[in-house]
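K.L.:
I'm passing along final.csv; it holds CSV, C-alpha atoms.
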```
chain,number,residue,atom,x,y,z
J,1,MET,CA,9.8,-78.0,120.9
J,2,PRO,CA,9.6,-81.0,118.6
J,3,LEU,CA,12.6,-83.0,119.6
J,4,ARG,CA,14.1,-83.4,116.1
J,5,ARG,CA,16.6,-80.6,115.7
J,6,PRO,CA,18.1,-79.7,112.4
J,7,THR,CA,21.9,-79.0,112.3
J,8,ARG,CA,22.7,-75.3,112.6
J,9,ARG,CA,25.8,-73.2,113.4
J,10,ASN,CA,26.3,-73.3,117.1
J,11,VAL,CA,27.8,-69.9,117.6
J,12,LEU,CA,26.8,-66.9,119.7
J,13,LEU,CA,25.4,-64.2,117.4
J,14,THR,CA,23.3,-61.1,117.9
J,15,ALA,CA,19.6,-61.8,117.5
J,16,THR,CA,19.1,-60.2,114.1
J,17,THR,CA,22.2,-61.9,112.6
J,18,ALA,CA,21.4,-65.3,114.0
J,19,LEU,CA,17.8,-65.2,112.9
J,20,ALA,CA,18.8,-64.3,109.4
J,21,SER,CA,21.3,-67.2,109.4
J,22,ALA,CA,18.3,-69.5,108.9
J,23,ALA,CA,17.4,-67.8,105.7
J,24,VAL,CA,18.5,-68.6,102.2
J,25,GLY,CA,19.2,-66.4,99.2
J,26,GLY,CA,19.9,-62.7,99.1
J,27,THR,CA,18.7,-59.7,101.1
J,28,PRO,CA,15.8,-57.8,99.8
J,29,ALA,CA,16.2,-54.0,99.5
J,30,ALA,CA,14.3,-51.8,102.0
J,31,GLY,CA,10.9,-50.8,100.7
J,32,ASP,CA,10.6,-53.7,98.2
J,33,SER,CA,7.6,-56.0,98.1
J,34,ALA,CA,8.1,-59.6,99.0
J,35,ARG,CA,8.9,-61.7,95.9
J,36,ILE,CA,9.4,-65.3,94.9
J,37,THR,CA,13.0,-65.8,93.8
J,38,ALA,CA,13.0,-69.6,93.3
J,39,THR,CA,10.4,-72.3,92.7
J,40,THR,CA,10.9,-76.1,93.1
J,41,TRP,CA,8.0,-78.5,92.4
J,42,LEU,CA,8.5,-81.6,94.4
J,43,ASP,CA,5.4,-83.4,92.9
J,44,HIS,CA,2.3,-82.4,91.0
J,45,ARG,CA,0.8,-80.7,94.1
J,46,THR,CA,3.7,-79.6,96.3
J,47,VAL,CA,6.0,-76.7,95.6
J,48,ASP,CA,8.8,-75.1,97.6
J,49,LEU,CA,9.3,-71.4,97.2
J,50,THR,CA,12.1,-69.1,98.2
J,51,VAL,CA,10.7,-65.8,99.3
J,52,ALA,CA,12.7,-62.6,99.6
J,53,SER,CA,11.1,-60.9,102.6
J,54,PRO,CA,11.5,-57.2,103.5
J,55,ALA,CA,9.9,-58.0,106.8
J,56,LEU,CA,12.9,-60.3,107.6
J,57,GLY,CA,15.6,-58.6,105.6
J,58,ALA,CA,16.4,-62.1,104.2
J,59,SER,CA,15.0,-65.0,102.1
J,60,LEU,CA,13.2,-67.9,103.6
J,61,PRO,CA,11.5,-71.1,102.3
J,62,VAL,CA,7.8,-71.6,102.1
J,63,ARG,CA,6.0,-74.9,101.2
J,64,VAL,CA,2.7,-74.8,99.4
J,65,VAL,CA,0.5,-77.8,98.8
J,66,THR,CA,-2.3,-77.3,96.2
J,67,PRO,CA,-5.6,-79.2,96.3
J,68,THR,CA,-6.8,-81.8,93.8
J,69,GLY,CA,-8.3,-80.0,90.9
J,70,TYR,CA,-6.1,-76.9,91.2
J,71,ALA,CA,-4.6,-77.2,87.7
J,72,THR,CA,-7.8,-78.1,86.0
J,73,HIS,CA,-9.8,-75.1,87.5
J,74,PRO,CA,-7.7,-72.1,86.4
J,75,ASP,CA,-10.4,-69.6,87.2
J,76,ARG,CA,-11.2,-70.9,90.7
J,77,THR,CA,-9.9,-69.2,93.8
J,78,TRP,CA,-9.1,-71.1,97.0
J,79,PRO,CA,-9.1,-70.6,100.8
J,80,VAL,CA,-5.8,-70.9,102.6
J,81,LEU,CA,-4.9,-73.1,105.6
J,82,TYR,CA,-1.6,-72.1,107.3
J,83,LEU,CA,0.2,-74.9,109.1
J,84,LEU,CA,2.9,-73.6,111.5
J,85,GLN,CA,6.0,-75.5,112.6
J,86,GLY,CA,7.3,-76.0,116.1
J,87,ALA,CA,10.5,-74.9,117.7
J,88,HIS,CA,13.9,-76.3,116.5
J,89,ASP,CA,12.2,-77.7,113.4
J,90,ASP,CA,11.5,-76.4,109.9
J,91,TYR,CA,8.8,-75.7,107.3
J,92,THR,CA,8.9,-79.3,106.0
J,93,SER,CA,7.8,-80.7,109.3
J,94,TRP,CA,4.1,-81.1,108.6
J,95,THR,CA,4.6,-83.0,105.3
J,96,ARG,CA,7.5,-84.9,106.7
J,97,GLU,CA,5.8,-86.1,109.9
J,98,THR,CA,2.1,-86.4,108.9
J,99,ASP,CA,-0.2,-87.4,106.0
J,100,VAL,CA,-1.7,-84.0,105.8
J,101,SER,CA,-1.1,-83.7,102.1
J,102,ASP,CA,-3.2,-86.8,101.3
J,103,PHE,CA,-5.8,-85.9,104.0
J,104,LEU,CA,-6.4,-82.4,102.5
J,105,ALA,CA,-6.1,-83.4,98.8
J,106,GLY,CA,-9.8,-83.3,98.0
J,107,ARG,CA,-10.9,-80.7,100.5
J,108,GLY,CA,-10.5,-77.6,98.3
J,109,VAL,CA,-7.9,-75.7,100.3
J,110,LEU,CA,-4.5,-74.3,99.6
J,111,VAL,CA,-2.1,-75.3,102.3
J,112,VAL,CA,0.9,-73.1,103.2
J,113,MET,CA,3.8,-73.9,105.5
J,114,PRO,CA,6.0,-70.9,105.9
J,115,SER,CA,9.3,-71.0,107.8
J,116,SER,CA,9.2,-69.5,111.3
J,117,GLY,CA,13.0,-69.3,111.6
J,118,PRO,CA,15.3,-71.3,113.9
J,119,THR,CA,13.2,-70.9,117.1
J,120,GLY,CA,9.9,-71.6,115.4
J,121,ILE,CA,8.3,-68.6,117.2
J,122,PRO,CA,6.4,-66.7,114.5
J,123,THR,CA,6.5,-63.2,116.0
J,124,ASP,CA,8.0,-59.7,115.5
J,125,TRP,CA,11.2,-59.8,117.6
J,126,TRP,CA,11.8,-56.9,119.9
J,127,ASN,CA,15.6,-57.1,119.6
J,128,TYR,CA,16.2,-54.4,122.2
J,129,GLY,CA,14.1,-51.9,120.2
J,130,MET,CA,16.6,-51.8,117.3
J,131,SER,CA,15.3,-51.1,113.9
J,132,GLY,CA,15.3,-53.9,111.3
J,133,ALA,CA,14.4,-56.6,113.8
J,134,PRO,CA,12.9,-59.6,112.0
J,135,ASP,CA,9.1,-59.7,111.8
J,136,TYR,CA,7.9,-63.2,111.2
J,137,GLU,CA,4.3,-62.2,111.7
J,138,ARG,CA,4.3,-59.7,108.9
J,139,PHE,CA,6.2,-62.2,106.7
J,140,GLN,CA,3.7,-65.0,107.2
J,141,VAL,CA,0.4,-63.1,107.5
J,142,ASP,CA,1.0,-60.3,105.0
J,143,GLU,CA,3.8,-61.0,102.6
J,144,VAL,CA,3.2,-64.7,102.1
J,145,MET,CA,-0.6,-64.2,101.7
J,146,ALA,CA,0.0,-61.4,99.1
J,147,LEU,CA,2.1,-63.9,97.1
J,148,LEU,CA,-0.5,-66.6,97.4
J,149,ARG,CA,-3.1,-64.2,96.0
J,150,GLN,CA,-0.8,-63.2,93.2
J,151,HIS,CA,0.6,-66.5,92.1
J,152,PHE,CA,-1.8,-69.2,93.5
J,153,ARG,CA,-5.3,-67.7,93.2
J,154,ALA,CA,-5.8,-67.6,97.0
J,155,ASN,CA,-9.0,-65.8,98.1
J,156,GLY,CA,-9.5,-64.0,101.4
J,157,ARG,CA,-10.6,-66.9,103.6
J,158,ARG,CA,-8.0,-68.1,106.0
J,159,ALA,CA,-7.5,-70.5,108.9
J,160,VAL,CA,-4.3,-71.3,110.9
J,161,ALA,CA,-3.1,-74.2,112.9
J,162,GLY,CA,0.2,-75.1,114.6
J,163,VAL,CA,2.1,-77.4,116.9
J,164,SER,CA,4.0,-76.3,120.0
J,165,THR,CA,5.4,-72.8,119.2
J,166,GLY,CA,3.3,-72.9,116.0
J,167,GLY,CA,0.2,-73.4,118.3
J,168,TYR,CA,1.3,-70.2,120.0
J,169,GLY,CA,1.5,-68.5,116.6
J,170,ALA,CA,-1.9,-69.7,115.5
J,171,LEU,CA,-3.7,-68.2,118.5
J,172,ALA,CA,-1.5,-65.1,118.5
J,173,PHE,CA,-2.1,-64.4,114.9
J,174,ALA,CA,-5.9,-64.8,115.3
J,175,ALA,CA,-5.9,-62.5,118.4
J,176,ARG,CA,-3.6,-59.9,117.0
J,177,ARG,CA,-5.4,-59.8,113.6
J,178,PRO,CA,-9.1,-60.0,114.5
J,179,GLY,CA,-11.2,-61.2,111.6
J,180,VAL,CA,-8.2,-62.2,109.4
J,181,PHE,CA,-8.5,-65.9,110.3
J,182,GLY,CA,-11.8,-67.6,110.4
J,183,ALA,CA,-10.5,-70.4,112.5
J,184,ALA,CA,-7.4,-71.2,114.7
J,185,ALA,CA,-6.2,-74.4,116.2
J,186,SER,CA,-3.4,-75.1,118.7
J,187,TYR,CA,-1.9,-78.5,119.4
J,188,SER,CA,0.3,-78.4,122.6
J,189,GLY,CA,0.8,-74.6,122.1
J,190,ILE,CA,2.1,-71.9,124.5
J,191,LEU,CA,-1.2,-70.0,125.0
J,192,ASP,CA,-0.3,-68.0,128.1
J,193,THR,CA,3.2,-66.7,127.7
J,194,THR,CA,3.3,-65.0,131.1
J,195,ALA,CA,1.9,-67.9,133.1
J,196,PRO,CA,4.2,-69.3,135.8
J,197,GLY,CA,7.1,-71.0,134.2
J,198,MET,CA,6.3,-69.9,130.6
J,199,PRO,CA,8.8,-67.1,130.3
J,200,THR,CA,11.4,-69.6,131.3
J,201,VAL,CA,10.2,-72.0,128.6
J,202,ALA,CA,10.2,-69.3,125.9
J,203,GLY,CA,13.7,-68.2,127.0
J,204,ALA,CA,15.0,-71.7,126.8
J,205,ILE,CA,13.7,-72.1,123.3
J,206,VAL,CA,15.5,-68.9,122.2
J,207,ALA,CA,18.7,-69.7,124.1
J,208,ARG,CA,18.9,-73.2,122.5
J,209,GLU,CA,19.4,-71.4,119.2
J,210,SER,CA,22.3,-69.4,120.7
J,211,LEU,CA,20.1,-66.3,120.8
J,212,ALA,CA,19.6,-63.9,123.7
J,213,PRO,CA,16.3,-64.6,125.4
J,214,LEU,CA,15.6,-60.9,125.9
J,215,ALA,CA,15.7,-60.3,122.2
J,216,LEU,CA,12.3,-62.0,121.8
J,217,TRP,CA,10.0,-59.6,123.6
J,218,GLY,CA,12.3,-58.1,126.3
J,219,SER,CA,12.0,-58.8,130.0
J,220,ALA,CA,8.8,-60.5,131.1
J,221,LEU,CA,8.9,-58.1,134.1
J,222,PHE,CA,10.2,-54.8,132.7
J,223,ASN,CA,8.7,-55.1,129.2
J,224,ARG,CA,5.4,-56.6,130.4
J,225,ASP,CA,3.3,-54.5,128.0
J,226,ASN,CA,5.2,-55.9,125.0
J,227,TRP,CA,4.7,-59.5,126.4
J,228,ASN,CA,1.0,-58.9,126.8
J,229,GLN,CA,0.7,-57.5,123.2
J,230,HIS,CA,2.0,-60.9,122.0
J,231,ASN,CA,0.2,-63.1,124.6
J,232,PRO,CA,-2.9,-65.0,123.4
J,233,TYR,CA,-4.2,-65.1,127.0
J,234,ALA,CA,-4.0,-61.3,127.4
J,235,LEU,CA,-5.6,-60.8,124.0
J,236,ALA,CA,-8.2,-63.5,124.3
J,237,GLY,CA,-11.1,-61.1,124.0
J,238,ALA,CA,-10.1,-60.4,120.4
J,239,LEU,CA,-10.8,-64.1,119.6
J,240,ALA,CA,-14.5,-63.6,119.7
J,241,GLY,CA,-16.0,-64.8,116.4
J,242,THR,CA,-13.0,-67.1,115.5
J,243,ALA,CA,-13.7,-70.8,115.5
J,244,LEU,CA,-11.2,-72.3,118.0
J,245,TYR,CA,-9.7,-75.7,118.7
J,246,ILE,CA,-7.4,-76.3,121.6
J,247,ALA,CA,-5.7,-79.6,122.3
J,248,GLN,CA,-3.3,-80.4,125.2
J,249,GLY,CA,-2.0,-83.6,126.9
J,250,SER,CA,-1.1,-83.9,130.5
J,251,GLY,CA,2.2,-85.6,129.9
J,252,LEU,CA,3.3,-87.9,132.7
J,253,PRO,CA,2.1,-90.5,133.4
J,254,SER,CA,2.4,-91.3,129.6
J,255,SER,CA,2.2,-94.5,127.6
J,256,ASP,CA,4.8,-93.0,125.3
J,257,PHE,CA,7.7,-94.7,127.2
J,258,GLY,CA,10.3,-94.0,124.5
J,259,ASN,CA,9.8,-90.2,124.8
J,260,LEU,CA,10.2,-89.2,128.4
J,261,GLU,CA,11.4,-85.7,127.5
J,262,GLY,CA,8.4,-85.1,125.4
J,263,ALA,CA,6.0,-86.3,128.1
J,264,VAL,CA,7.7,-84.0,130.6
J,265,LEU,CA,7.4,-81.0,128.2
J,266,GLU,CA,3.8,-81.8,127.5
J,267,GLY,CA,3.0,-81.8,131.2
J,268,THR,CA,4.8,-78.4,131.6
J,269,LEU,CA,2.3,-76.8,129.3
J,270,TRP,CA,-0.8,-78.4,130.9
J,271,SER,CA,-1.7,-75.8,133.5
J,272,GLN,CA,-1.2,-72.8,131.2
J,273,ALA,CA,-3.5,-74.3,128.6
J,274,HIS,CA,-6.2,-74.8,131.2
J,275,ARG,CA,-5.7,-71.2,132.3
J,276,PHE,CA,-6.2,-70.0,128.8
J,277,THR,CA,-9.4,-72.0,128.2
J,278,ARG,CA,-10.8,-70.7,131.5
J,279,ARG,CA,-10.2,-67.2,130.3
J,280,LEU,CA,-12.2,-68.0,127.1
J,281,ASP,CA,-15.0,-69.4,129.3
J,282,ALA,CA,-15.0,-66.2,131.4
J,283,LEU,CA,-15.3,-64.1,128.2
J,284,GLY,CA,-18.0,-66.3,126.8
J,285,ILE,CA,-15.9,-67.3,123.8
J,286,PRO,CA,-16.7,-70.8,122.6
J,287,ALA,CA,-13.9,-73.2,121.8
J,288,GLN,CA,-13.6,-76.9,121.0
J,289,VAL,CA,-11.3,-78.2,123.7
J,290,HIS,CA,-9.6,-81.6,124.1
J,291,PHE,CA,-7.6,-82.1,127.2
J,292,TYR,CA,-6.3,-85.7,127.3
J,293,ASN,CA,-4.5,-87.7,129.9
J,294,GLY,CA,-0.9,-88.7,129.1
J,295,GLY,CA,0.5,-88.1,125.7
J,296,SER,CA,3.8,-86.4,124.8
J,297,HIS,CA,5.0,-83.4,122.9
J,298,ALA,CA,5.2,-85.3,119.6
J,299,TRP,CA,3.7,-85.7,116.1
J,300,PRO,CA,1.6,-88.8,116.5
J,301,TYR,CA,-0.6,-86.9,119.0
J,302,TRP,CA,-0.6,-83.7,116.9
J,303,GLN,CA,-1.6,-85.6,113.7
J,304,GLN,CA,-4.5,-87.1,115.5
J,305,GLU,CA,-5.6,-83.8,116.9
J,306,PHE,CA,-5.3,-82.1,113.5
J,307,LYS,CA,-7.7,-84.5,112.0
J,308,ALA,CA,-10.1,-84.0,115.0
J,309,SER,CA,-9.9,-80.3,114.5
J,310,TRP,CA,-10.6,-80.3,110.8
J,311,PRO,CA,-14.3,-79.6,111.1
J,312,THR,CA,-13.5,-76.5,113.2
J,313,LEU,CA,-10.9,-75.3,110.6
J,314,ALA,CA,-13.2,-76.1,107.7
J,315,ALA,CA,-16.0,-74.1,109.3
J,316,GLY,CA,-13.7,-71.1,109.6
J,317,LEU,CA,-12.7,-71.5,106.0
J,318,GLY,CA,-16.2,-71.4,104.7
J,319,PRO,CA,-17.6,-73.4,101.8
J,320,THR,CA,-14.8,-75.0,99.7
```
Now, as a test, write the supplied structure out as structure tokens.
P.N.:
Amino acid sequence: MPLRRPTRRNVLLTATTALASAAVGGTPAAGDSARITATTWLDHRTVDLTVASPALGASLPVRVVTPTGYATHPDRTWPVLYLLQGAHDDYTSWTRETDVSDFLAGRGVLVVMPSSGPTGIPTDWWNYGMSGAPDYERFQVDEVMALLRQHFRANGRRAVAGVSTGGYGALAFAARRPGVFGAAASYSGILDTTAPGMPTVAGAIVARESLAPLALWGSALFNRDNWNQHNPYALAGALAGTALYIAQGSGLPSSDFGNLEGAVLEGTLWSQAHRFTRRLDALGIPAQVHFYNGGSHAWPYWQQEFKASWPTLAAGLGPT
């Protein structure tokens, strides 16, 4: 959903083949553990990894930003903050578009930004029930975390935040894996995938990458159970005990006159975000919520909301 779109091959492929086309490196053998096949340090705190993932049957990039003091405290372990990309963007977006690296430097947390593939939807794809469908959830939540523990002294405390489709991923991960993440934050995320208009939005995101929309979770009508199993709204009860932050703008009328498309998109998500927070209220699940007038589906708003959400995320991570 971020409006910047990296150049990709514009050809019609099957879902599995096209999703793998965003990967780099070789294909891991079935039954292998995920492994790091390449490491590139960009500066003294930031490193890009290439991870061979059995969950994806391919290799994808992951960016890690270490905290200040990481190298000088070799026996210390660190909590982990996941930052998830939006659609049609990539794993570099958070460090490219925000000052998150500087903001988090002294806050005692490892920051990980794993690729979510070309669509930016971090989920296990249905792909018509075929075996070997890519599983971005297992890649990010299980495989990447295991590597962080092995190579970067990560401990068991985790929080997750994301923009747009990454906001979906943050709340979906927390709901599908109760207790794994102490906190979750969504900035302009899709939080009720079956709300009016939302299956169309999800399908458009998939189709924009020349993939078949039904490959995601199937039909929103005939495969409703599968959609509900991946829908933060349907799984909201599992979020009890997770520190939550939800931010959403209303879009039009917006003061962001140069980004009409982004304002329209932000407004499209307005009602479903309200529906999700009403569901939390009905369940008695507390959340820090910021609904604001105007705005657009763009990084200046998300950076601001990330900083506002930091106390919530930090509380979920525990003492750092």
K.L.:
Hey, can you check how far CA of Phe181 (chain J) sits from CA of Arg279 (chain J)?
P.N.:
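Computing the Euclidean distance for CA of Phe181 (chain J) and CA of Arg279 (chain J) yields 20.1 Å.
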K.L.:
Pull the closest atom pair for each residue of region 130-179 of chain J that gets at most 10 Å from region 201-221 of chain J, along with the distance in Å to one decimal, counting only C-alpha atoms, ordering rows by chain and then ascending residue number, as a tab-separated table.
P.N.:
```
residue	atom	partner	partner_atom	distance
J:Met130	CA	J:Ala215	CA	9.9
J:Ala133	CA	J:Ala215	CA	9.3
J:Thr165	CA	J:Ala202	CA	9.0
```
K.L.:
Please measure the separation of CA of Ile190 (chain J) and CA of Tyr168 (chain J), giving the value in Å to one decimal.
P.N.:
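For CA of Ile190 (chain J) relative to CA of Tyr168 (chain J), the distance reads 4.9 Å.
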K.L.:
Counting only C-alpha atoms, which of J:Val180, J:Ile121, J:Ala175, J:Ala315 gets nearest to Ala240 (chain J)?
P.N.:
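Smallest separation from Ala240 (chain J) among the options: J:Ala175.
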K.L.:
Please report the interatomic distance between CA of Ala195 (chain J) and CA of Val141 (chain J) in Å with one decimal.
P.N.:
26.1 Å
K.L.:
Calculated over all atoms listed in the file, which of the candidates J:Gly86, J:Ala146, J:Thr194, J:Ser186 has the smallest distance to Asn223 (chain J)?
P.N.:
J:Thr194
K.L.:
Would you mind telling me which residue in J:Gly169, J:Leu191, J:Ala105, J:Ala298 lies nearest to Tyr136 (chain J) when using all atoms listed in the file?
P.N.:
J:Gly169
K.L.:
Report as a PyMOL selection string all protein, DNA and RNA residues lying within 12 Å of region 72-75 of chain J, evaluated on all atoms listed in the file, omitting residues in the same chain fewer than 4 positions from it.
P.N.:
chain J and resi 66-68+108+151-155
K.L.:
Could you dump the residues just selected with C-alpha atoms as a PDB file, keeping the file's coordinate frame?
P.N.:
```
ATOM      1  CA  THR J  66      -2.300 -77.300  96.200  1.00  0.00           C
ATOM      2  CA  PRO J  67      -5.600 -79.200  96.300  1.00  0.00           C
ATOM      3  CA  THR J  68      -6.800 -81.800  93.800  1.00  0.00           C
ATOM      4  CA  GLY J 108     -10.500 -77.600  98.300  1.00  0.00           C
ATOM      5  CA  HIS J 151       0.600 -66.500  92.100  1.00  0.00           C
ATOM      6  CA  PHE J 152      -1.800 -69.200  93.500  1.00  0.00           C
ATOM      7  CA  ARG J 153      -5.300 -67.700  93.200  1.00  0.00           C
ATOM      8  CA  ALA J 154      -5.800 -67.600  97.000  1.00  0.00           C
ATOM      9  CA  ASN J 155      -9.000 -65.800  98.100  1.00  0.00           C
TER      10      ASN J 155
END
```
K.L.:
Quick one: of J:Gln85, J:Ser93, J:Ser116, J:Ser271, who's nearest to Ser250 (chain J), counting all atoms listed in the file?
P.N.:
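Closest candidate: J:Ser271.
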K.L.:
From the list J:Trp41, J:Phe222, J:Tyr245, J:Tyr301, which residue is nearest Ala263 (chain J) when using all atoms listed in the file?
P.N.:
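Selected residue with least distance to Ala263 (chain J): J:Tyr301.
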K.L.:
If you count all atoms listed in the file, which residues fall within 8 Å of Gln248 (chain J), apart from same-chain ones fewer than 6 positions away, as a list in words?
P.N.:
Tyr187, Ser188, Gly189, Glu266, Leu269, Trp270, Ala273, His290, Phe291 and Tyr292 of chain J
K.L.:
Now that the selection is made, can you save its residues with C-alpha atoms as a CSV table (one decimal), keeping the file's coordinate frame?
P.N.:
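Result file out-v3.csv:
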```
chain,number,residue,atom,x,y,z
J,187,TYR,CA,-1.9,-78.5,119.4
J,188,SER,CA,0.3,-78.4,122.6
J,189,GLY,CA,0.8,-74.6,122.1
J,266,GLU,CA,3.8,-81.8,127.5
J,269,LEU,CA,2.3,-76.8,129.3
J,270,TRP,CA,-0.8,-78.4,130.9
J,273,ALA,CA,-3.5,-74.3,128.6
J,290,HIS,CA,-9.6,-81.6,124.1
J,291,PHE,CA,-7.6,-82.1,127.2
J,292,TYR,CA,-6.3,-85.7,127.3
```
K.L.:
Smallest atom-to-atom distance to Asp99 (chain J): which of J:Lys307, J:His230, J:Arg275, J:Arg157, using only C-alpha atoms?
P.N.:
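Of all the options, J:Lys307 lies closest to Asp99 (chain J).
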K.L.:
Could you list as a PDB file with C-alpha atoms, in the frame of the given file every residue that has an atom within 9 Å of (10.2, -81.4, 125.3), using the file's coordinates and counting all atoms listed in the file?
P.N.:
```pdb
ATOM      1  CA  MET J   1       9.800 -78.000 120.900  1.00  0.00           C
ATOM      2  CA  PRO J   2       9.600 -81.000 118.600  1.00  0.00           C
ATOM      3  CA  LEU J   3      12.600 -83.000 119.600  1.00  0.00           C
ATOM      4  CA  ASN J 259       9.800 -90.200 124.800  1.00  0.00           C
ATOM      5  CA  LEU J 260      10.200 -89.200 128.400  1.00  0.00           C
ATOM      6  CA  GLU J 261      11.400 -85.700 127.500  1.00  0.00           C
ATOM      7  CA  GLY J 262       8.400 -85.100 125.400  1.00  0.00           C
ATOM      8  CA  ALA J 263       6.000 -86.300 128.100  1.00  0.00           C
ATOM      9  CA  VAL J 264       7.700 -84.000 130.600  1.00  0.00           C
ATOM     10  CA  LEU J 265       7.400 -81.000 128.200  1.00  0.00           C
ATOM     11  CA  GLU J 266       3.800 -81.800 127.500  1.00  0.00           C
ATOM     12  CA  THR J 268       4.800 -78.400 131.600  1.00  0.00           C
ATOM     13  CA  SER J 296       3.800 -86.400 124.800  1.00  0.00           C
ATOM     14  CA  HIS J 297       5.000 -83.400 122.900  1.00  0.00           C
ATOM     15  CA  ALA J 298       5.200 -85.300 119.600  1.00  0.00           C
TER      16      ALA J 298
END
```
K.L.:
Would you kindly return, as a ChimeraX atom specification, each protein, DNA or RNA residue with an atom no farther than 12 Å from any atom of Leu84 (chain J), considering only C-alpha atoms and excluding same-chain residues fewer than 3 positions away?
P.N.:
/J:62-63,81,87,89-95,111-117,120-123,136-137,140-141,159-173,184-187,189,302,306
